[in-house]
file upload_37.cif (mmCIF, C-alpha atoms)
data_run
#
loop_
_atom_site.label_atom_id
_atom_site.label_comp_id
_atom_site.auth_asym_id
_atom_site.auth_seq_id
_atom_site.Cartn_x
_atom_site.Cartn_y
_atom_site.Cartn_z
CA MET A 173 -17.31 34.69 16.14
CA GLU A 174 -15.29 31.58 17.01
CA ASN A 175 -17.58 29.48 14.83
CA PHE A 176 -17.14 31.94 11.95
CA LYS A 177 -13.35 31.88 12.41
CA SER A 178 -13.33 28.08 12.35
CA ALA A 179 -15.33 28.09 9.14
CA LEU A 180 -12.87 30.51 7.57
CA ASP A 181 -9.95 28.32 8.65
CA LEU A 182 -11.63 25.24 7.16
CA ASN A 183 -12.45 27.15 3.99
CA ARG A 184 -8.83 28.24 3.61
CA TRP A 185 -7.58 24.70 4.21
CA SER A 186 -10.05 23.25 1.73
CA ALA A 187 -8.96 25.74 -0.93
CA ASP A 188 -5.29 24.93 -0.31
CA HIS A 189 -5.84 21.18 -0.72
CA GLY A 190 -8.34 21.37 -3.54
CA ARG A 191 -10.39 18.31 -2.59
CA THR A 192 -12.74 16.94 0.07
CA ARG A 193 -10.77 14.96 2.62
CA ILE A 194 -13.32 14.44 5.41
CA LEU A 195 -16.22 11.97 5.51
CA VAL A 196 -18.91 11.55 8.16
CA ALA A 197 -20.37 8.02 8.06
CA ALA A 198 -23.29 7.35 10.40
CA SER A 199 -26.79 5.90 10.48
CA PRO A 200 -29.46 7.65 8.38
CA GLU A 201 -31.05 9.03 11.56
CA GLN A 202 -27.77 10.53 12.82
CA ILE A 203 -26.87 11.95 9.40
CA SER A 204 -30.31 13.57 9.16
CA LEU A 205 -29.85 15.20 12.60
CA TYR A 206 -26.34 16.37 11.72
CA GLU A 207 -27.28 17.88 8.38
CA ALA A 208 -30.24 19.69 9.93
CA ALA A 209 -28.02 21.12 12.69
CA ARG A 210 -25.32 22.38 10.33
CA GLY A 211 -27.75 23.96 7.87
CA GLY A 212 -26.79 27.57 8.66
CA MET A 213 -23.05 27.11 9.07
CA VAL A 214 -20.60 29.09 6.94
CA GLY A 215 -18.00 27.51 4.66
CA PRO A 216 -17.45 23.99 3.25
CA GLN A 217 -18.65 21.00 5.25
CA PRO A 218 -17.50 17.38 5.42
CA ALA A 219 -19.14 14.93 3.05
CA THR A 220 -21.72 12.61 4.61
CA LEU A 221 -22.69 8.99 4.09
CA ALA A 222 -25.80 7.40 5.57
CA VAL A 223 -24.85 3.82 6.47
CA ASP A 224 -25.85 1.65 9.43
CA ALA A 225 -23.23 1.06 12.12
CA ASP A 226 -22.54 -2.55 11.07
CA GLN A 227 -22.48 -1.99 7.31
CA THR A 228 -19.26 -1.73 5.29
CA ILE A 229 -18.29 1.68 3.98
CA PRO A 230 -17.86 1.33 0.19
CA GLY A 231 -14.23 1.57 -0.86
CA GLU A 232 -14.98 4.18 -3.53
CA ARG A 233 -16.34 6.54 -0.84
CA LEU A 234 -13.01 6.34 0.99
CA GLN A 235 -10.86 7.36 -1.98
CA ASN A 236 -9.06 10.66 -1.36
CA VAL A 237 -10.34 10.72 2.24
CA ASP A 238 -7.89 11.58 5.04
CA LEU A 239 -10.25 11.67 8.02
CA VAL A 240 -13.46 9.71 8.60
CA ILE A 241 -15.85 10.30 11.48
CA VAL A 242 -17.55 6.92 11.77
CA GLU A 243 -20.38 5.82 14.04
CA VAL A 244 -19.29 2.99 16.34
CA ASP A 245 -21.42 0.79 18.57
CA VAL A 246 -19.07 -1.15 20.85
CA ALA A 247 -21.88 -3.54 21.78
CA ASP A 248 -22.31 -4.52 18.12
CA GLN A 249 -19.61 -6.89 16.87
CA GLY A 250 -20.39 -5.97 13.26
CA SER A 251 -19.75 -2.31 14.06
CA MET A 252 -16.45 -3.12 15.78
CA ASN A 253 -15.43 -5.34 12.85
CA ARG A 254 -16.11 -2.45 10.50
CA LEU A 255 -13.81 -0.21 12.54
CA LYS A 256 -11.05 -2.85 12.46
CA GLN A 257 -11.49 -3.31 8.72
CA LEU A 258 -11.25 0.43 8.20
CA ARG A 259 -8.01 0.54 10.19
CA THR A 260 -6.39 -2.35 8.33
CA SER A 261 -7.64 -1.65 4.81
CA HIS A 262 -7.08 2.13 4.93
CA PRO A 263 -4.23 2.74 7.41
CA HIS A 264 -3.61 6.23 5.99
CA ILE A 265 -7.07 7.44 7.08
CA LEU A 266 -7.48 8.95 10.55
CA PRO A 267 -10.60 7.38 12.15
CA VAL A 268 -12.69 9.33 14.66
CA ALA A 269 -15.32 7.30 16.55
CA ALA A 270 -18.79 8.82 16.92
CA ILE A 271 -20.41 7.10 19.91
CA HIS A 272 -23.32 7.19 22.36
CA GLY A 273 -21.81 8.07 25.74
CA THR A 274 -18.22 8.97 26.60
CA SER A 275 -17.17 6.79 29.52
CA VAL A 276 -13.45 6.43 30.24
CA ALA A 277 -13.60 2.66 29.70
CA LEU A 278 -15.34 3.10 26.36
CA MET A 279 -12.82 5.68 25.19
CA ARG A 280 -9.94 3.41 26.22
CA THR A 281 -11.45 0.55 24.25
CA LEU A 282 -11.72 2.70 21.13
CA MET A 283 -8.25 4.19 21.52
CA HIS A 284 -6.93 0.62 21.74
CA GLU A 285 -8.60 0.00 18.37
CA GLY A 286 -6.57 2.86 16.91
CA VAL A 287 -9.08 5.71 16.69
CA ALA A 288 -7.56 9.18 16.57
CA ASP A 289 -10.35 10.86 18.58
CA VAL A 290 -13.86 10.35 19.96
CA ILE A 291 -16.98 12.49 19.49
CA ALA A 292 -20.42 12.10 21.04
CA LEU A 293 -23.66 11.40 19.20
CA PRO A 294 -25.74 13.19 18.07
CA LEU A 295 -23.08 15.07 16.16
CA ASP A 296 -22.64 18.74 17.00
CA PRO A 297 -21.44 20.57 13.84
CA VAL A 298 -19.21 22.88 15.89
CA GLU A 299 -17.55 19.90 17.60
CA VAL A 300 -17.17 18.18 14.23
CA MET A 301 -15.47 21.27 12.81
CA GLN A 302 -13.14 21.51 15.81
CA ILE A 303 -12.10 17.85 15.43
CA VAL A 304 -11.51 18.46 11.73
CA LEU A 305 -9.37 21.52 12.43
CA ASP A 306 -7.39 19.63 15.09
CA ALA A 307 -6.81 16.81 12.62
CA ILE A 308 -5.69 19.18 9.85
CA SER A 309 -2.44 20.01 11.64
CA ARG A 310 -1.83 16.29 12.19
CA LEU A 311 -2.57 15.46 8.56
CA ASP A 312 -0.40 18.29 7.26
CA GLY A 313 2.39 17.26 9.61
CA ASN A 314 2.18 13.70 8.31
CA SER A 315 2.21 15.01 4.73
CA ARG A 316 5.40 16.94 5.37
CA GLN A 317 7.02 13.82 6.86
CA ASP A 318 5.85 11.71 3.93
CA GLU A 319 7.52 14.10 1.48
CA ASP A 320 10.83 12.57 2.56
CA LEU A 321 9.72 8.98 1.97
CA ALA A 322 11.23 7.11 -0.97
CA PRO A 323 9.03 5.45 -3.59
CA MET A 324 7.88 1.97 -2.57
CA PHE A 325 6.73 -0.57 -5.17
CA ALA A 326 4.71 -3.66 -4.24
CA VAL A 327 5.11 -6.61 -6.61
CA VAL A 328 2.03 -8.85 -6.62
CA ARG A 329 1.61 -12.23 -8.33
CA SER A 330 -1.50 -13.20 -10.25
CA ILE A 331 -0.82 -16.89 -9.54
CA GLY A 332 2.02 -18.85 -7.99
CA GLY A 333 4.95 -19.50 -10.30
CA CYS A 334 4.34 -16.52 -12.59
CA GLY A 335 7.84 -15.14 -11.94
CA ALA A 336 6.89 -12.24 -9.67
CA THR A 337 9.84 -12.81 -7.33
CA THR A 338 12.31 -12.81 -10.22
CA ILE A 339 10.86 -9.56 -11.54
CA ALA A 340 10.81 -7.96 -8.09
CA THR A 341 14.46 -8.86 -7.47
CA HIS A 342 15.75 -7.62 -10.80
CA LEU A 343 13.57 -4.51 -10.72
CA ALA A 344 15.02 -3.57 -7.32
CA ALA A 345 18.56 -4.05 -8.67
CA GLU A 346 17.75 -1.97 -11.74
CA LEU A 347 16.28 0.86 -9.66
CA GLY A 348 19.34 0.86 -7.41
CA SER A 349 21.65 1.13 -10.41
CA ARG A 350 19.97 4.39 -11.43
CA THR A 351 21.26 6.38 -8.45
CA ALA A 352 24.72 7.64 -7.63
CA ARG A 353 24.97 6.56 -4.01
CA ALA A 354 25.79 3.09 -2.74
CA ARG A 355 23.14 0.66 -1.42
CA SER A 356 20.34 2.86 -2.70
CA ALA A 357 17.66 0.19 -3.12
CA VAL A 358 16.29 -2.55 -0.89
CA ILE A 359 14.05 -5.50 -1.63
CA VAL A 360 11.92 -6.86 1.22
CA ASP A 361 10.91 -10.52 0.99
CA LEU A 362 7.47 -10.55 2.63
CA ASP A 363 6.64 -14.05 1.43
CA LEU A 364 6.97 -15.16 5.05
CA GLN A 365 6.32 -18.83 4.41
CA PHE A 366 7.94 -19.54 1.05
CA GLY A 367 10.33 -16.63 0.41
CA THR A 368 13.33 -17.59 -1.73
CA ILE A 369 15.06 -14.32 -2.61
CA SER A 370 18.05 -15.00 -0.34
CA ASP A 371 18.60 -18.29 -2.18
CA TYR A 372 18.24 -16.65 -5.59
CA LEU A 373 20.81 -14.01 -4.61
CA GLY A 374 23.26 -16.41 -2.96
CA VAL A 375 23.20 -14.85 0.52
CA ASN A 376 22.46 -16.36 3.92
CA PRO A 377 21.47 -13.56 6.33
CA ALA A 378 21.85 -14.14 10.06
CA VAL A 379 18.95 -11.78 10.81
CA ARG A 380 15.79 -11.43 8.77
CA VAL A 381 12.48 -9.61 8.48
CA ASP A 382 10.92 -11.53 11.38
CA ASP A 383 13.57 -10.00 13.67
CA LEU A 384 12.27 -6.56 12.72
CA LEU A 385 8.64 -7.59 13.14
CA ALA A 386 9.40 -8.89 16.66
CA ALA A 387 11.48 -5.87 17.72
CA GLU A 388 8.52 -3.82 19.04
CA ASP A 389 9.89 -0.75 20.91
CA ARG A 390 13.48 -1.58 19.94
CA LEU A 391 12.74 -0.84 16.29
CA ASP A 392 14.81 2.06 14.98
CA ASP A 393 17.02 3.08 12.06
CA ASP A 394 20.08 1.29 13.45
CA LEU A 395 18.24 -2.01 13.89
CA VAL A 396 16.79 -1.82 10.38
CA ALA A 397 20.25 -1.11 8.95
CA SER A 398 21.71 -4.09 10.84
CA VAL A 399 19.14 -6.49 9.34
CA ALA A 400 19.73 -5.37 5.73
CA THR A 401 22.05 -7.75 3.87
CA PRO A 402 24.19 -6.31 1.04
CA VAL A 403 23.65 -8.04 -2.31
CA ASN A 404 25.91 -5.74 -4.33
CA ASP A 405 27.07 -2.15 -4.05
CA LYS A 406 23.60 -0.84 -4.96
CA LEU A 407 21.14 -3.36 -3.53
CA ASP A 408 20.28 -4.64 -0.06
CA LEU A 409 17.93 -7.45 0.97
CA ILE A 410 15.63 -7.87 3.95
CA ALA A 411 15.20 -11.65 3.77
CA ALA A 412 12.18 -13.81 4.58
CA PRO A 413 12.28 -15.88 7.80
CA GLU A 414 14.23 -19.12 7.82
CA THR A 415 11.30 -20.91 9.45
CA ILE A 416 7.66 -20.67 8.39
CA LEU A 417 5.95 -17.72 10.09
CA PRO A 418 2.15 -17.80 10.49
CA LEU A 419 0.74 -15.04 8.29
CA GLU A 420 -1.74 -13.94 10.95
CA SER A 421 1.08 -13.32 13.46
CA VAL A 422 2.22 -10.13 11.71
CA ASP A 423 1.35 -6.88 13.46
CA THR A 424 0.25 -4.43 10.77
CA ASP A 425 1.43 -1.30 12.58
CA GLN A 426 4.85 -2.84 13.22
CA LEU A 427 5.22 -3.77 9.56
CA LEU A 428 4.22 -0.30 8.38
CA THR A 429 6.74 1.22 10.78
CA VAL A 430 9.47 -1.02 9.33
CA LEU A 431 8.54 0.03 5.80
CA LYS A 432 8.52 3.72 6.71
CA LEU A 433 12.00 3.44 8.23
CA LEU A 434 13.23 1.72 5.07
CA ARG A 435 11.73 4.47 2.91
CA ARG A 436 13.71 7.03 4.90
CA GLN A 437 17.00 5.15 4.47
CA TYR A 438 16.85 4.10 0.81
CA ASP A 439 16.05 5.72 -2.52
CA TYR A 440 13.79 2.82 -3.56
CA VAL A 441 11.96 0.07 -1.66
CA VAL A 442 10.56 -3.00 -3.47
CA LEU A 443 8.22 -5.47 -1.74
CA ASP A 444 7.78 -9.08 -2.81
CA LEU A 445 4.37 -10.03 -1.40
CA PRO A 446 2.97 -13.51 -0.68
CA ALA A 447 0.29 -15.16 -2.79
CA ASP A 448 -2.18 -15.23 0.13
CA TRP A 449 -3.91 -11.98 1.04
CA THR A 450 -3.99 -10.71 4.62
CA SER A 451 -4.89 -7.38 6.20
CA TRP A 452 -1.21 -6.51 6.62
CA ALA A 453 -0.45 -7.31 2.98
CA LEU A 454 -3.30 -5.04 1.86
CA SER A 455 -2.03 -2.33 4.20
CA ALA A 456 1.45 -2.57 2.63
CA VAL A 457 -0.12 -2.31 -0.83
CA LEU A 458 -2.12 0.76 0.18
CA GLU A 459 1.06 2.46 1.43
CA SER A 460 2.93 1.73 -1.81
CA SER A 461 3.61 4.29 -4.53
CA ALA A 462 2.59 1.75 -7.17
CA ILE A 463 1.51 -1.89 -7.38
CA LEU A 464 3.04 -4.12 -10.05
CA LEU A 465 0.72 -7.01 -10.88
CA VAL A 466 2.64 -9.77 -12.68
CA VAL A 467 0.58 -11.84 -15.13
CA GLU A 468 1.18 -14.45 -17.81
CA THR A 469 -0.77 -14.89 -21.01
CA THR A 470 -2.64 -17.91 -19.65
CA LEU A 471 -6.30 -18.18 -18.71
CA PRO A 472 -5.67 -19.07 -15.01
CA SER A 473 -3.25 -16.16 -14.60
CA LEU A 474 -5.56 -13.63 -16.25
CA ARG A 475 -8.58 -14.86 -14.29
CA GLN A 476 -6.76 -14.50 -10.97
CA ALA A 477 -5.33 -11.14 -12.03
CA LYS A 478 -8.87 -9.86 -12.60
CA ARG A 479 -9.84 -10.99 -9.10
CA ARG A 480 -6.90 -9.09 -7.63
CA LEU A 481 -7.82 -5.96 -9.55
CA ASP A 482 -11.35 -6.25 -8.14
CA LEU A 483 -9.89 -6.64 -4.64
CA PHE A 484 -7.74 -3.53 -5.05
CA GLN A 485 -10.71 -1.52 -6.25
CA SER A 486 -12.82 -2.67 -3.28
CA VAL A 487 -10.29 -1.30 -0.77
CA GLY A 488 -9.84 2.03 -2.54
CA VAL A 489 -6.71 1.50 -4.65
CA ARG A 490 -6.75 3.82 -7.66
CA ASP A 491 -6.57 2.14 -11.07
CA ALA A 492 -3.69 4.44 -12.00
CA ASP A 493 -1.59 3.02 -9.15
CA VAL A 494 -1.74 -0.55 -10.52
CA LYS A 495 0.77 -1.42 -13.26
CA ILE A 496 0.44 -4.64 -15.24
CA ILE A 497 3.64 -6.52 -16.12
CA VAL A 498 3.24 -9.39 -18.61
CA ASN A 499 5.93 -11.95 -17.91
CA ARG A 500 7.50 -14.66 -20.11
CA LEU A 501 6.62 -13.26 -23.49
CA GLU A 502 7.59 -15.62 -26.26
CA LYS A 503 8.73 -14.69 -29.75
CA LYS A 504 6.36 -16.19 -32.29
CA LEU A 505 6.76 -16.71 -36.01
CA PHE A 506 4.84 -13.53 -36.74
CA GLY A 507 6.11 -11.41 -33.86
CA THR A 508 5.69 -10.93 -30.14
CA ILE A 509 2.37 -11.76 -28.48
CA SER A 510 0.21 -8.62 -28.43
CA PHE A 511 -0.82 -6.97 -25.17
CA ALA A 512 -4.22 -6.12 -26.63
CA ASP A 513 -5.94 -9.27 -25.37
CA VAL A 514 -4.43 -8.85 -21.90
CA SER A 515 -5.60 -5.23 -21.69
CA ARG A 516 -9.03 -6.10 -22.99
CA THR A 517 -9.46 -9.06 -20.62
CA LEU A 518 -8.31 -7.15 -17.53
CA GLY A 519 -9.76 -3.80 -18.50
CA HIS A 520 -6.40 -2.28 -17.65
CA THR A 521 -3.46 -0.91 -19.63
CA VAL A 522 -0.26 -2.97 -19.65
CA LEU A 523 2.89 -1.19 -18.50
CA HIS A 524 5.42 -3.50 -20.18
CA GLY A 525 6.32 -7.11 -20.97
CA ILE A 526 9.30 -9.24 -19.98
CA SER A 527 10.74 -11.61 -22.59
CA LEU A 528 10.93 -15.32 -21.88
CA ASP A 529 14.52 -16.39 -21.22
CA GLN A 530 13.95 -19.25 -18.82
CA ALA A 531 17.30 -20.98 -19.34
CA LEU A 532 19.26 -17.81 -18.57
CA VAL A 533 17.12 -16.92 -15.55
CA SER A 534 17.42 -20.45 -14.14
CA THR A 535 21.19 -20.47 -14.64
CA ALA A 536 21.53 -17.15 -12.79
CA GLN A 537 19.32 -18.28 -9.88
CA ASN A 538 21.15 -21.60 -9.54
CA GLN A 539 24.40 -19.64 -9.25
CA GLY A 540 22.94 -17.15 -6.77
CA GLN A 541 23.42 -14.28 -9.23
CA LEU A 542 21.40 -11.62 -10.97
CA VAL A 543 20.85 -12.23 -14.68
CA GLY A 544 22.80 -9.09 -15.58
CA THR A 545 25.86 -10.53 -13.83
CA ILE A 546 25.70 -13.66 -15.99
CA ARG A 547 24.95 -11.93 -19.28
CA ARG A 548 24.70 -8.23 -19.95
CA GLY A 549 22.32 -6.93 -22.58
CA SER A 550 20.00 -9.94 -22.67
CA ARG A 551 16.39 -9.51 -23.72
CA PHE A 552 15.36 -10.11 -20.11
CA THR A 553 17.56 -7.40 -18.60
CA THR A 554 16.65 -4.96 -21.39
CA ASP A 555 12.95 -5.47 -20.65
CA ILE A 556 13.49 -5.04 -16.90
CA ALA A 557 15.33 -1.77 -17.56
CA LYS A 558 12.50 -0.55 -19.78
CA ALA A 559 9.90 -1.49 -17.16
CA ALA A 560 11.85 0.48 -14.52
CA GLU A 561 12.06 3.46 -16.87
CA LEU A 562 8.32 3.42 -17.49
CA LEU A 563 7.59 2.90 -13.81
CA LEU A 564 9.61 5.96 -12.86
CA GLY A 565 7.78 8.03 -15.44
CA ALA A 566 10.66 8.56 -17.86
CA GLU A 567 8.13 7.79 -20.55
CA SER A 568 4.37 8.30 -20.29
CA GLY A 569 1.59 5.84 -21.04
CA GLY A 570 1.36 2.06 -21.18
CA VAL A 571 2.47 -0.35 -23.83
CA ASN A 572 -0.23 -1.70 -26.14
#
call {"tool": "encode", "arguments": {"input": "upload_37.cif", "output": "C-alpha cells"}}
result
Amino acid sequence: MENFKSALDLNRWSADHGRTRILVAASPEQISLYEAARGGMVGPQPATLAVDADQTIPGERLQNVDLVIVEVDVADQGSMNRLKQLRTSHPHILPVAAIHGTSVALMRTLMHEGVADVIALPLDPVEVMQIVLDAISRLDGNSRQDEDLAPMFAVVRSIGGCGATTIATHLAAELGSRTARARSAVIVDLDLQFGTISDYLGVNPAVRVDDLLAAEDRLDDDLVASVATPVNDKLDLIAAPETILPLESVDTDQLLTVLKLLRRQYDYVVLDLPADWTSWALSAVLESSAILLVVETTLPSLRQAKRRLDLFQSVGVRDADVKIIVNRLEKKLFGTISFADVSRTLGHTVLHGISLDQALVSTAQNQGQLVGTIRRGSRFTTDIAKAAELLLGAESGGVN
C-alpha cells in the first residue's frame, strides 16, 4: 500500500510539472538490474541512462533535469571528476550518489562533494522513489524561492575587444531606467583580472567583488549592499578587484550565493564575464535568465562565437536562452550590414545590432560617463534601448 501511495504521489507530481525531471545514470549492468526490478511498479518512473561510472553524461540528457541519481566510484578518479563536473556545470541539479557500500567515511566524502543524498547499489526501485519524493519538496521549495529572484543577464564576449563591457554597462543602465524605484539595477564586473567598469563609470570603490567572495559565513544582504557602489540613481556597480585575482581561486558556491542575494535586492542583475572560461563562469551562465553573446562582423569574432555556442550546448544551455548582439555596425553606402550572414554562420538568430559610434563611446568612457549622459538620442543609445526592449520580451522574435 505504501508503494502504491508513493507511486500515486509521484504520478500527481509528474502531472503537475508536465515533464520528466529525474534521471538515473549508472553502468549498463546496474541499469539492467534496476529496470528489471521496477518492471511491475505503478506510475511514471525516472528516465535512465546506461553510462559507465567514469564517462561524461551528455549535456543534452541533463536538459530539464532537476535530480540525477548518478553512480559514483570513489576509488575511480574519473568517476569523482564526473561528479565534480556535474556539480560545477549544472549547479541547479540535485545530485544523488549511487554507491557500493554505505560507510560513514564514504558518505562524508560524498557529502563534501555536494551530493544531496546517497543510495546503495544495486538500486532498489522503492528506495529510488522515496529519494525522489523527498527531493520533490526540496525542489518545489527552491522553485518557490526562485520565483522572487530578479532576471539576471550574463554578457559574454566572442573575442577580446569586441565591446562586451560597454554593452553590458549601458544595458544595465537602460534596464534600471525602466523601473520606478531607485537603484533598481546592478552590474557585476566578474572580469577579475582585467575589469575596467569602475574606470569607465568614473568611480573608485573602496570595497569590491573580491570582498564578497572572501566573506564566507559573513555574507548577507547587508554586506552585499555595503559593497555596491552607486553609479547614478538607478544603477549600482559591484566592481572588479583592484589587484589581479587568480581565476581558479573563486569558490563557485560562494559566487552563486552572492548572485542570488543580488537578485533578491535588485530588479535586474547584469554580469560582465571574463574572456577565459572557468567552472564558476559556466555556473554563473547556467544560473542566468539569458546569455548575451557579443559578436562583431569579423571572421575571428564569428569563429570564436561559434565555439562558445558549442560550449553552451555541451553543458545544457538551451539555444533560446542565448541572444546574439552584433556590435559596431557600420552604415554603408547601400545600407546597414545585414544580419543574415551572421545568423547563417552561427546557426542562431540575432537579437539586435548596436551601431558603431566609437568616437562618442570613447569620449564618454574617458570622462567616466555613460554615453546617454554625454549625448541623448544617439544611434548607440537608441540601439541599446531597443536591445533591452527585445531582451525583456516587449517585442517577439529576433532581428534578421
call {"tool": "axis_aligned_box", "arguments": {"input": "upload_37.cif", "around": "segment 201-206 of chain A", "padding_each_side": "5 Å", "output": "lines of an AutoDock Vina configuration file"}}
result
center_x = -28.7
center_y = 12.7
center_z = 11.0
size_x = 14.7
size_y = 17.3
size_z = 13.7
call {"tool": "resolve_selection", "arguments": {"input": "upload_37.cif", "expression": "the PyMOL selection byres ((chain A and resi 404) around 9)", "output": "ChimeraX atom specification"}}
result
/A:345,354-355,402-403,405-408
call {"tool": "closest_residue", "arguments": {"input": "upload_37.cif", "among": "A:Ile526, A:Ala247, A:Leu417, A:Ala326", "to": "Leu454 of chain A", "atoms": "only C-alpha atoms"}}
result
A:Ala326
call {"tool": "resolve_selection", "arguments": {"input": "upload_37.cif", "expression": "the PyMOL selection byres ((chain A and resi 336) around 12)", "output": "compact mmCIF listing (two decimals) with C-alpha atoms, in the coordinates of the input"}}
result
# COMPACT_ATOMS: atom_id res chain seq x y z
CA ALA A 326 4.71 -3.66 -4.24
CA VAL A 327 5.11 -6.61 -6.61
CA VAL A 328 2.03 -8.85 -6.62
CA ARG A 329 1.61 -12.23 -8.33
CA SER A 330 -1.50 -13.20 -10.25
CA ILE A 331 -0.82 -16.89 -9.54
CA GLY A 332 2.02 -18.85 -7.99
CA GLY A 333 4.95 -19.50 -10.30
CA CYS A 334 4.34 -16.52 -12.59
CA GLY A 335 7.84 -15.14 -11.94
CA THR A 337 9.84 -12.81 -7.33
CA THR A 338 12.31 -12.81 -10.22
CA ILE A 339 10.86 -9.56 -11.54
CA ALA A 340 10.81 -7.96 -8.09
CA THR A 341 14.46 -8.86 -7.47
CA HIS A 342 15.75 -7.62 -10.80
CA LEU A 343 13.57 -4.51 -10.72
CA ASP A 361 10.91 -10.52 0.99
CA ASP A 363 6.64 -14.05 1.43
CA GLY A 367 10.33 -16.63 0.41
CA THR A 368 13.33 -17.59 -1.73
CA ILE A 369 15.06 -14.32 -2.61
CA VAL A 442 10.56 -3.00 -3.47
CA LEU A 443 8.22 -5.47 -1.74
CA ASP A 444 7.78 -9.08 -2.81
CA LEU A 445 4.37 -10.03 -1.40
CA PRO A 446 2.97 -13.51 -0.68
CA ALA A 447 0.29 -15.16 -2.79
CA ILE A 463 1.51 -1.89 -7.38
CA LEU A 464 3.04 -4.12 -10.05
CA LEU A 465 0.72 -7.01 -10.88
CA VAL A 466 2.64 -9.77 -12.68
CA VAL A 467 0.58 -11.84 -15.13
CA GLU A 468 1.18 -14.45 -17.81
CA SER A 473 -3.25 -16.16 -14.60
CA ILE A 496 0.44 -4.64 -15.24
CA ILE A 497 3.64 -6.52 -16.12
CA VAL A 498 3.24 -9.39 -18.61
CA ASN A 499 5.93 -11.95 -17.91
CA ARG A 500 7.50 -14.66 -20.11
CA ILE A 526 9.30 -9.24 -19.98
call {"tool": "residues_near_point", "arguments": {"input": "upload_37.cif", "point": "(-1.3, 3.7, -7.6)", "cutoff": "7 Å", "atoms": "all atoms listed in the file", "output": "NGL selection string"}}
result
:A and (461-463 or 489-494)
call {"tool": "write_last_selection", "arguments": {"input": "upload_37.cif", "atoms": "C-alpha atoms", "output": "compact mmCIF listing (two decimals), in the coordinates of the input"}}
result
# COMPACT_ATOMS: atom_id res chain seq x y z
CA SER A 461 3.61 4.29 -4.53
CA ALA A 462 2.59 1.75 -7.17
CA ILE A 463 1.51 -1.89 -7.38
CA VAL A 489 -6.71 1.50 -4.65
CA ARG A 490 -6.75 3.82 -7.66
CA ASP A 491 -6.57 2.14 -11.07
CA ALA A 492 -3.69 4.44 -12.00
CA ASP A 493 -1.59 3.02 -9.15
CA VAL A 494 -1.74 -0.55 -10.52
call {"tool": "residues_around", "arguments": {"input": "upload_37.cif", "residues": "Leu205 of chain A", "least_positions_apart": "5", "cutoff": "12 Å", "atoms": "only C-alpha atoms", "output": "list in words"}}
result
Ala198, Ser199, Pro200, Arg210, Gly211, Thr220, Ala222, Leu293, Pro294, Leu295, Asp296 and Pro297 of chain A
call {"tool": "atom_distance", "arguments": {"input": "upload_37.cif", "atom1": "atom CA of Leu518 of chain A", "atom2": "atom CA of Arg475 of chain A"}}
result
8.4 Å
